Amino acid sequence: MAHLRSRRRLGLAVPLALSLTASLGFLPAAASAAPLGEPSVQATDAITLAYVVNTTPDHRTIKSVKKAIAAAGGTVVTSYDKIGVIVVHSANPDFAKAIRTVRGVQSAGATRTAPLTPAGTTDEGPAELLTKKQAAKTARMSDAAVDSEPLEADQWDLRAIGADKAAKINPGSSKVTVAVIDTGVDDTHPDLAPNFSAAQSANCVGGVADTSEGAWRPYTAEDYHGTHVAGEIAAARNGIGVAGVAPGVKVAGIKVSDPNNGLFYPENVVCAFVFAADHGVEITNNSYYVDPWLYNCMDDADQKAIVDAVNRAQLYAQKKGTLHLASAGNSNHDLDSDAIVDETSPDDATPVTRTIDPHKCFDVPTQLPGVVTVSATGVKNLKSYYSTYGYGVVDVAAPGGDRQFQIPTDTPSANGRILSTMPNGEYGWLQGTSMASPHAAGVAALLKSRYPKATPAQLQLLLKAQADNPGCPESYDQNGDGTQDAVCEGGKRFNGFYGFGIVNALDAVD
């Protein structure tokens with residue numbers, strides 16, 4: 001699950017190239033060749049790939065493009081006519097090249113580099129399950145606090161942002177739903193069942209929403225990421241286990257991870273954003289990057305098409321009232337630097353080392369316009385050692401855990417990571433910007449509960465306004481070797497480590 005984000009986004013200003021990307025899907029097509037003629041002859045051993053074809057969103061154009069897709073040897077899997085995104089499978093190796101010449105097609109490309117098989121999150125390191133012995137010790141300490149959940153003594157993260165106190169004032173409204181776009185959510189967990197919204201949950205793998213009973217659940221207990229994230233947001237205060245940042249709001253699960261390799265392909269994420277928007281979800285949490293590219297470069301036709309398709313979907317959701325939050329990433333990259341070495345892409349085949357400009361090659365959905373990018377902090381309110389950062393990219397910070405340099409001294413387990421729900425009624429620790437984003441999403445849900453008419457843009461401003469900024473540290477030499485492990489740029493109001501600051505649940509409700 002290296003692509004899952006326990007992982008990155010924009011702050012004060014949207015880069016020019018990305019601003020253009022935001023409207024890319026609604027510009028006139030550059031190419032205007034006549035529709036294709038006869039389909040290409042397919043080799044019997046040709047591999048099948050998935051594609052996104054992005055068109056002008058009008059009925060006549062989409063109908064014409066669908067005919068051209070068939071003529072080029074493609075099969076339409078689904079079509080999101082409202083945003084002009086068509087998901088296609090084809091074994092024609094020249095499909096993308098051919099379809100890009102069709103009138104009305106604005107961009108098109110493969111969503112993966114490996115063939116389809118029959119049918120990236122951002123947590124850093126393996127999960128650690130809570131043992132019965134540890135649980136008993138934690139429960140004894142939790143009993144000493146008034147109105148505390150049994151395992152809350154180990155939840156240093158709630159106290160760090162005042163979420164324990166905020167819950168006594170306003171735990172959040174059941175009219176607000178946060179959708180966890182992830183590996184699935186185990187809604188049978190006793191800490192999640194009270195707040196789970198099945199009507200707003202689905203399995204979007206393959207690009208088509210499956211809303212049948214339980215389709216949103218994880219494939220196995222090893223697909224724990226989404227369940228952990230969901231608990232951080234909305235685990236109920238019901239006298240069982242842990243508590244979420246917003247224990248009174250609803251949480252939904254939209255599964256987008258591939259069953260064979262766990263990757264988050266673009267067509268799955270497009271489906272998730274559209275589904276969330278059409279089902280009244282107020283907030284989405286995105287603790288992952290869209291596979292197979294860690295960074296999608298706009299000078300590559302396939303990667304440009306991925307950015308275009310996902311951006312159309314998330315903008316559609318924003319226009320319908322949905323705020324998106326995303327993790328910044330776990331690579332300790334400076335997203336405002338001149339160059340970053342990417343050694344992991346594509347992650348569905350053999351990676352090729354490349355040097356990219358993060359102002360022209362984008363982490364999706366983290367760097368898309370209007371998406372709130374969240375970096376991670378530890379118990380000392382310092383940037384976590386792994387957390388990606390960047391001036392003008394990170395919007396806010398939140399607890400994500402730090403098992404190396406920020407270890408709590410006042411908790412039963414002395415564990416610097418984040419304790420939350422796991423499949424099959426269990427609990428466990430994880431760390432990463434994957435864990436930071438849901439903390440911020442929980443605070444956003446509290447703000448939405450308090451200001452129910454706030455638009456996504458207004459909600460984002462409120463989230464930034466209540467944040468507490470510690471400012472850049474004088475030194476960030478975490479291991480004491482005399483070398484700065486990262487450089488924080490900016491001042492007390494806004495900087496590259498924390499954006500506008502660390503979210504504060506108590507300020508959100510008080």
# chains A, B, ... in the order shown; residues from 1 in each chain; ligands from 1

$ closest_atom_pairs --of "stretch 242-268 of chain A" --to "stretch 359-374 of chain A" --cutoff "12 Å" --atoms "only C-alpha atoms" --output "Markdown table"
| residue | atom | partner | partner_atom | distance |
| --- | --- | --- | --- | --- |
| A:Phe264 | CA | A:Val364 | CA | 10.8 |
| A:Tyr265 | CA | A:Val364 | CA | 10.9 |
| A:Pro266 | CA | A:Val364 | CA | 9.2 |

$ closest_atom_pairs --of "stretch 93-207 of chain A" --to "stretch 501-504 of chain A" --cutoff "12 Å" --atoms "only C-alpha atoms" --output "JSON lines"
{"residue": "A:Asp157", "atom": "CA", "partner": "A:Asn504", "partner_atom": "CA", "distance": 11.0}
{"residue": "A:Leu158", "atom": "CA", "partner": "A:Asn504", "partner_atom": "CA", "distance": 9.7}
{"residue": "A:Arg159", "atom": "CA", "partner": "A:Asn504", "partner_atom": "CA", "distance": 9.9}
{"residue": "A:Ala160", "atom": "CA", "partner": "A:Asn504", "partner_atom": "CA", "distance": 8.3}
{"residue": "A:Ile161", "atom": "CA", "partner": "A:Asn504", "partner_atom": "CA", "distance": 4.7}
{"residue": "A:Gly162", "atom": "CA", "partner": "A:Asn504", "partner_atom": "CA", "distance": 6.2}
{"residue": "A:Ala163", "atom": "CA", "partner": "A:Asn504", "partner_atom": "CA", "distance": 7.6}
{"residue": "A:Asp164", "atom": "CA", "partner": "A:Asn504", "partner_atom": "CA", "distance": 11.0}
{"residue": "A:Lys165", "atom": "CA", "partner": "A:Asn504", "partner_atom": "CA", "distance": 10.7}
{"residue": "A:Ala166", "atom": "CA", "partner": "A:Asn504", "partner_atom": "CA", "distance": 9.2}

$ write_last_selection --atoms "C-alpha atoms" --output "mmCIF file, in the first residue's frame"
data_model
loop_
_atom_site.group_PDB
_atom_site.id
_atom_site.type_symbol
_atom_site.label_atom_id
_atom_site.label_comp_id
_atom_site.auth_asym_id
_atom_site.auth_seq_id
_atom_site.Cartn_x
_atom_site.Cartn_y
_atom_site.Cartn_z
ATOM 1 C CA ASP A 157 -3.874 13.379 18.671
ATOM 2 C CA LEU A 158 -7.377 14.306 19.906
ATOM 3 C CA ARG A 159 -5.970 16.317 22.786
ATOM 4 C CA ALA A 160 -3.413 17.980 20.492
ATOM 5 C CA ILE A 161 -6.196 19.670 18.520
ATOM 6 C CA GLY A 162 -8.732 20.034 21.327
ATOM 7 C CA ALA A 163 -11.095 17.435 19.859
ATOM 8 C CA ASP A 164 -11.793 15.883 23.277
ATOM 9 C CA LYS A 165 -13.043 19.233 24.586
ATOM 10 C CA ALA A 166 -14.822 20.120 21.338
#

$ residues_around --residues "A:Val242" --least-positions-apart "2" --cutoff "12 Å" --atoms "only C-alpha atoms" --output "PyMOL selection string"
chain A and resi 130+135+138-139+142+147-158+164+189-192+228+230-240+244-247+418-422+425-429

$ select_by_dssp --residues "stretch 223-394 of chain A" --states "alpha helix (DSSP H)" --output "PyMOL selection string"
chain A and resi 225-234+266-278+301-319

$ write_last_selection --atoms "N, CA and C atoms" --output "compact mmCIF listing (two decimals), in the first residue's frame"
# COMPACT_ATOMS: atom_id res chain seq x y z
N HIS A 225 -6.72 0.34 5.60
CA HIS A 225 -6.46 1.78 5.53
C HIS A 225 -7.72 2.63 5.66
N GLY A 226 -8.73 2.33 4.85
CA GLY A 226 -9.96 3.13 4.87
C GLY A 226 -10.71 3.06 6.19
N THR A 227 -10.70 1.90 6.82
CA THR A 227 -11.37 1.73 8.11
C THR A 227 -10.68 2.55 9.19
N HIS A 228 -9.35 2.58 9.15
CA HIS A 228 -8.58 3.38 10.10
C HIS A 228 -8.90 4.87 9.92
N VAL A 229 -8.91 5.31 8.68
CA VAL A 229 -9.20 6.71 8.36
C VAL A 229 -10.61 7.09 8.84
N ALA A 230 -11.58 6.21 8.59
CA ALA A 230 -12.97 6.49 8.98
C ALA A 230 -13.10 6.68 10.49
N GLY A 231 -12.38 5.88 11.26
CA GLY A 231 -12.44 6.00 12.71
C GLY A 231 -11.85 7.30 13.22
N GLU A 232 -10.80 7.76 12.56
CA GLU A 232 -10.20 9.03 12.96
C GLU A 232 -11.19 10.18 12.79
N ILE A 233 -12.04 10.06 11.79
CA ILE A 233 -13.01 11.12 11.51
C ILE A 233 -14.22 11.03 12.43
N ALA A 234 -14.83 9.85 12.53
CA ALA A 234 -16.17 9.78 13.14
C ALA A 234 -16.43 8.56 14.00
N PRO A 266 -7.35 6.07 -12.00
CA PRO A 266 -8.11 7.30 -12.24
C PRO A 266 -9.61 7.11 -12.43
N GLU A 267 -10.02 6.09 -13.20
CA GLU A 267 -11.44 5.92 -13.46
C GLU A 267 -12.22 5.62 -12.18
N ASN A 268 -11.55 4.95 -11.23
CA ASN A 268 -12.19 4.66 -9.94
C ASN A 268 -12.42 5.94 -9.15
N VAL A 269 -11.41 6.81 -9.17
CA VAL A 269 -11.49 8.07 -8.42
C VAL A 269 -12.49 9.03 -9.06
N VAL A 270 -12.54 9.06 -10.39
CA VAL A 270 -13.55 9.87 -11.08
C VAL A 270 -14.94 9.44 -10.63
N CYS A 271 -15.18 8.15 -10.63
CA CYS A 271 -16.46 7.60 -10.17
C CYS A 271 -16.76 8.04 -8.73
N ALA A 272 -15.75 8.00 -7.87
CA ALA A 272 -15.96 8.33 -6.46
C ALA A 272 -16.37 9.78 -6.27
N PHE A 273 -15.69 10.69 -6.94
CA PHE A 273 -16.03 12.11 -6.80
C PHE A 273 -17.44 12.39 -7.31
N VAL A 274 -17.78 11.83 -8.45
CA VAL A 274 -19.11 12.06 -9.01
C VAL A 274 -20.18 11.44 -8.11
N PHE A 275 -19.93 10.23 -7.62
CA PHE A 275 -20.88 9.56 -6.74
C PHE A 275 -21.10 10.37 -5.47
N ALA A 276 -20.01 10.84 -4.86
CA ALA A 276 -20.11 11.63 -3.64
C ALA A 276 -20.96 12.88 -3.88
N ALA A 277 -20.69 13.56 -4.98
CA ALA A 277 -21.43 14.78 -5.29
C ALA A 277 -22.91 14.51 -5.49
N ASP A 278 -23.21 13.45 -6.22
CA ASP A 278 -24.61 13.14 -6.55
C ASP A 278 -25.39 12.55 -5.39
N ALA A 301 0.91 13.01 -22.80
CA ALA A 301 -0.50 12.97 -23.19
C ALA A 301 -1.34 12.09 -22.26
N ASP A 302 -0.80 10.93 -21.87
CA ASP A 302 -1.55 10.04 -20.97
C ASP A 302 -1.74 10.67 -19.60
N GLN A 303 -0.66 11.22 -19.04
CA GLN A 303 -0.74 11.82 -17.71
C GLN A 303 -1.61 13.08 -17.72
N LYS A 304 -1.55 13.85 -18.78
CA LYS A 304 -2.40 15.03 -18.92
C LYS A 304 -3.88 14.63 -18.90
N ALA A 305 -4.20 13.53 -19.57
CA ALA A 305 -5.59 13.07 -19.61
C ALA A 305 -6.07 12.64 -18.23
N ILE A 306 -5.17 12.04 -17.44
CA ILE A 306 -5.52 11.64 -16.07
C ILE A 306 -5.83 12.87 -15.23
N VAL A 307 -4.97 13.88 -15.30
CA VAL A 307 -5.20 15.12 -14.56
C VAL A 307 -6.54 15.74 -14.96
N ASP A 308 -6.78 15.79 -16.25
CA ASP A 308 -8.01 16.39 -16.78
C ASP A 308 -9.25 15.66 -16.27
N ALA A 309 -9.26 14.33 -16.36
CA ALA A 309 -10.43 13.55 -15.97
C ALA A 309 -10.74 13.69 -14.48
N VAL A 310 -9.72 13.50 -13.65
CA VAL A 310 -9.94 13.57 -12.19
C VAL A 310 -10.31 15.00 -11.79
N ASN A 311 -9.68 15.98 -12.44
CA ASN A 311 -9.98 17.37 -12.11
C ASN A 311 -11.42 17.73 -12.45
N ARG A 312 -11.91 17.27 -13.58
CA ARG A 312 -13.30 17.52 -13.95
C ARG A 312 -14.24 16.96 -12.88
N ALA A 313 -13.93 15.76 -12.42
CA ALA A 313 -14.80 15.10 -11.44
C ALA A 313 -14.80 15.84 -10.10
N GLN A 314 -13.61 16.23 -9.63
CA GLN A 314 -13.55 16.90 -8.33
C GLN A 314 -14.12 18.31 -8.41
N LEU A 315 -13.97 18.99 -9.55
CA LEU A 315 -14.58 20.31 -9.71
C LEU A 315 -16.11 20.20 -9.77
N TYR A 316 -16.59 19.15 -10.40
CA TYR A 316 -18.03 18.90 -10.44
C TYR A 316 -18.57 18.76 -9.02
N ALA A 317 -17.85 18.01 -8.19
CA ALA A 317 -18.29 17.83 -6.81
C ALA A 317 -18.23 19.14 -6.02
N GLN A 318 -17.18 19.92 -6.24
CA GLN A 318 -17.09 21.21 -5.56
C GLN A 318 -18.29 22.09 -5.90
N LYS A 319 -18.66 22.10 -7.17
CA LYS A 319 -19.78 22.94 -7.61
C LYS A 319 -21.10 22.47 -7.00

$ select_by_dssp --residues "stretch 182-212 of chain A" --states "strand (DSSP E or B)" --output "list in words"
Asp182, Phe196, Ala202, Asn203 and Asp210 of chain A

$ write_last_selection --atoms "C-alpha atoms" --output "tab-separated table (two decimals), in the first residue's frame"
chain	number	residue	atom	x	y	z
A	182	ASP	CA	-10.14	4.67	0.08
A	196	PHE	CA	-22.16	4.91	9.02
A	202	ALA	CA	-20.33	2.40	-2.89
A	203	ASN	CA	-17.63	0.38	-4.64
A	210	ASP	CA	-21.80	-0.63	-7.13

$ residues_around --residues "A:Ile356" --least-positions-apart "2" --cutoff "8 Å" --atoms "only C-alpha atoms" --output "list of chain:residue names"
A:Tyr295, A:Cys297, A:Ala339, A:Ile340, A:Val341, A:Asp342, A:Arg354, A:Pro358, A:Lys360, A:Cys361

$ closest_residue --among "A:Lys448, A:Lys97, A:His324, A:His89" --to "A:Ala70" --atoms "only C-alpha atoms"
A:His89

$ residues_around --residues "A:Val77" --least-positions-apart "4" --cutoff "8 Å" --atoms "only C-alpha atoms" --output "MDAnalysis selection string"
chainID A and resid 86:89 207:208

$ residues_around --residues "A:Leu4" --least-positions-apart "5" --cutoff "10 Å" --atoms "only C-alpha atoms" --output "MDAnalysis selection string"
chainID A and resid 120:124 182:183 225:226 257 262:264 286:291 327 329:330 432:434

$ atom_distance --atom1 "atom CA of A:Arg140" --atom2 "atom CA of A:Gly416"
19.6 Å
